[in-house]
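Here the structure comes first, spelled out in structure tokens, and everything after it is commentary.
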Amino acid sequence: MEHVKSNVYFWQGSEACAEAAVLAGCRFFAGYPITPATGIAEHLSRRLPQVSGVAIQMEDEIASIGAVIGASWAGVKAMTATSGPGFSLMQESIGYAFITETPCVIVDVQRVGPGTGQATKCAQGDVMQSRWGTHGDYSAIVLSPNSAQEMFTLTIRAFNLAEKYRTPVILLSDEVTAHMREKVVVPPVETLEIVNRKKPKPGEKAFFGIEEVPPMPAVGEGFNVAVTGSTHDEYGIRFTSDPLVHRRLVERLNKKIQNHVDEIAEVECFNLENCEVGVVAYGCTSRAVYDVVEEARAKGLKVGYVRLKTLWPFPDEAVQKLAETASKIIVPEMNLRQIFFEVKRAVEGRAKVVPLNKIGGGELITPDELLAKILEEAEGDG
Amino acid sequence: MAEAFSVKRYLRDLRLPFCPGCGAFTVINAFLRAVYELGHEDLRGFVFCSGIGCSSWIPSPYFMADSIHTLHGRSIPVATGVKLMRPDLNVVVFGGDGDIVGIGLSHFVHAARRNLDVLVIMVNNMVYGMTGGQVAPTTPFKAKTTTTPYGSFEYPLDAVRLAVAAGANYAARWTTAHQNELKEAVKKALQLKGFRFIEVVSQCPTAFGRRVGFKNAWEMIKWFRENSIMLEQAKNLDEEDLATRIVVGEFVQRQRPTLTETLYATIKEAQKIGQS
């Protein structure tokens with residue numbers, strides 16, 4: 001069986017993610033068991049061999065991301081899936097993937113932290129880690145699914161962005177989104193957009209610069225590619241003290257993402273032009289918003305929202321648009337304020353930004369709690 | 001091959017970064033000579049993975065070949081990804097003792113257990129040389145380093161015996177005083193399959209030798225030669241006698257099924273199940 005047929009399925013988010021990876025062309029998975037991400041490893045361990053791919057359980061998360069990077073340089077689309085503690089262990093290698101421009105997908109199924117925290121419970125505490133987890137200057141692409149369906153579509157998108165921009169892409173899921181079972185529509189395979197990395201032409205030598213996204217050879221293709229995590233020039237040669245070579249490299253690594261925020265930063269918007277109170281939400285928490293909009297309307301209050309499908313680069317523009325009409329913006333999160341500060345930065349004082357936070361035990365922010373907060377803020381205007 | 005051996009045919013036109021007297025020169029020579037004698041006109045078909053440390057600079061970027069210079073300790077995981085997806089390529093890992101059996105120890109043991117098809121060449125200079133000479137998992141007991149100024153109070157690791165115990169198909173130890181034996185070991189290892197490990201006890205005159213009483217590199221090499229003992233002869237010595245000796249030779253050569261063999265056989269089986 002090459003890949004799943006176009007149909008309507010009743011899938012867990014993990015299954016949807018794994019099947020999407022196969023459809024996106026992923027043929028290598030390396031991982032280490034960790035709750036609540038193990039389902040993805042289990043599913044791919046069964047599925048990848050069927051499509052002549054390789055799934056291997058490594059000795060830890062550091063080895064897992066290392067093997068993924070090696071497979072990517074062997075010319076293969078590769079991914080791993082983990083949760084907070086494993087994501088922490090992978091951070092150094094994720095930085096290596098940034099500086100070596102190694103396309104790969106890392107799924108972080110968030111659970112309660114820090115430390116071992118509450119392993120089986122849902123949280124959204126890794127938002128800042130997904131952006132700033134490794135040392136140095138870089139721009140990350142982080143996607144935030146809120147349904148089993150989006151575990152499917154955003155996994156494919158994660159691979160496409162990784163290949164297009166030659167960079168690691170993080171699919172920042174959470175325990176609820178990965179374990180929830182719901183309807184997933186798999187469209188006909190020929191309608192899916194699948195992006196593959198740009199390969200060099202024979203004789204090309206600049207695999208680390210000149211072009212914004214340089215072509216990427218695989219090992220064994222005769223290009224004599226020198227890959228290094230040290231600062232390097234366009235040809236992969238180490239320059240460990242030259243400031244200009246470093247600036248040229250790192251500025252390009254950042255610009256290749258920042259110049260394309262319009263394409264990368266995806267949002268779902270509702271009622272931006274005509275709302276009194278706005279909500280900025282993402283991941284499992286954003287599911288409460290849909291109900292609340294209707295209930296608020298019944299109470300005569302106009303609510304608009306921006307649902308972040310891309311967390312990083314941050315979709316400034318959509319949030320700013322929301323602030324043009326909404327005087328209050330609520331930011332519900334299952335952490336102690338992370339995207340809240342980013343919203344504050346983006347709106348530059350044009351709206352009051354109100355946090356709504358809940359942590360521990362995997363308890364979601366309910367529609368009632370969100371509605372109560374919205375009404376409280378609306379009445380506050382009095 | 002008509003042309004005489006020259007390391008230059010396998011190297012980029014760059015200045016090597018090693019200190020005068022460094023054992024890395026000997027390792028480069030032995031490795032490339034082995035490659036030459038096996039009839040490789042260039043390094044096509046090889047992929048070199050290395051970590052962080054002086055020895056990790058041996059292939060990267062100096063070898064005219066595909067090379068992946070990874071993070072400290074992580075050359076073997078990256079080599080795993082490369083080899084599993086390109087079983088046709090000859091994957092060789094270079095690293096120091098700190099890189100391979102310090103920070104990267106777990107990967108080393110598991111790669112040997114899996115019998116991953118790579119050749120790992122560990123240049124053991126008994127110290128963290130690049131950072132200025134700190135104690136390593138291979139530093140001899142009582143040896144003075146910058147972080148053991150009163151002498152090391154720990155016992156060193158025997159990486160070769162560990163590789164044997166973990167399941168490597170080939171494991172050997174030589175020193176930079178055994179250039180020919182080293183070259184022959186590389187030749188042999190390159191023709192075998194599975195996890196192959198060669199430890200090269202090597203001199204770091206800059207960050208180790210001068211602190212433990214050696215005036216120069218030559219004195220260290222001489223010491224290696226005089227204190228090395230073949231594995232067969234070492235069997236008659238007790239632990240105390242062995243403490244100041246370097247046991248050299250071939251510790252294991254066997255034909256356990258390799259990881260790529262067992263993995264790809266499993267993939268075939270999975271596809272049969274899928275069809276039935």
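Identifiers in the structure tokens: chain A, B, ... in order shown; residue index from 1 per chain; ligand index from 1 in order shown.
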* With a distance cut-off of 10 Å and only C-alpha atoms, select the neighbouring residues of A:Arg47, excluding the residue or stretch itself and same-chain residues fewer than 6 positions from it, and output the selection as a count of residues only. => 14
| message | Tell me as a PyMOL selection string which residues belonging to chain A come within 6 Å of chain B, counting only C-alpha atoms. | response | chain A and resi 49-50+63+66-68+70-71+74+219-220+224-228
Query raised in the report: Quick one: residues within 8 Å of B:Lys183, only C-alpha atoms counted, chain neighbours fewer than 4 positions away excluded, as a list of chain:residue names?
Result: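 Residues meeting the cut-off are B:Ala30, B:Phe31, B:Arg33, B:Ala34, B:Gln179, B:Lys187.
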Item to check | Selection near A:Glu273, 9 Å with only C-alpha atoms, sequence-local residues under 4 positions removed, as a list in words | outcome: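 Everything that qualifies: Gly304, Lys321, Leu322, Glu324, Thr325 and Ala326 of chain A.
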Requested write-out: C-alpha atoms of the selected residues, as a CSV table (one decimal), in the first residue's frame:
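See again33.csv below for the written result:
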```csv
chain,number,residue,atom,x,y,z
A,304,GLY,CA,-13.8,38.5,16.2
A,321,LYS,CA,-5.8,44.3,11.8
A,322,LEU,CA,-7.9,42.8,14.7
A,324,GLU,CA,-7.9,48.2,14.5
A,325,THR,CA,-11.5,47.5,15.5
A,326,ALA,CA,-11.3,45.5,18.8
```
Query raised in the report: Pick the closest to B:Pro149 from B:Val252, B:Ala168, B:Leu16, B:Val212: which is it, counting only C-alpha atoms?
Result: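 Result for the nearest residue to B:Pro149: B:Val212.
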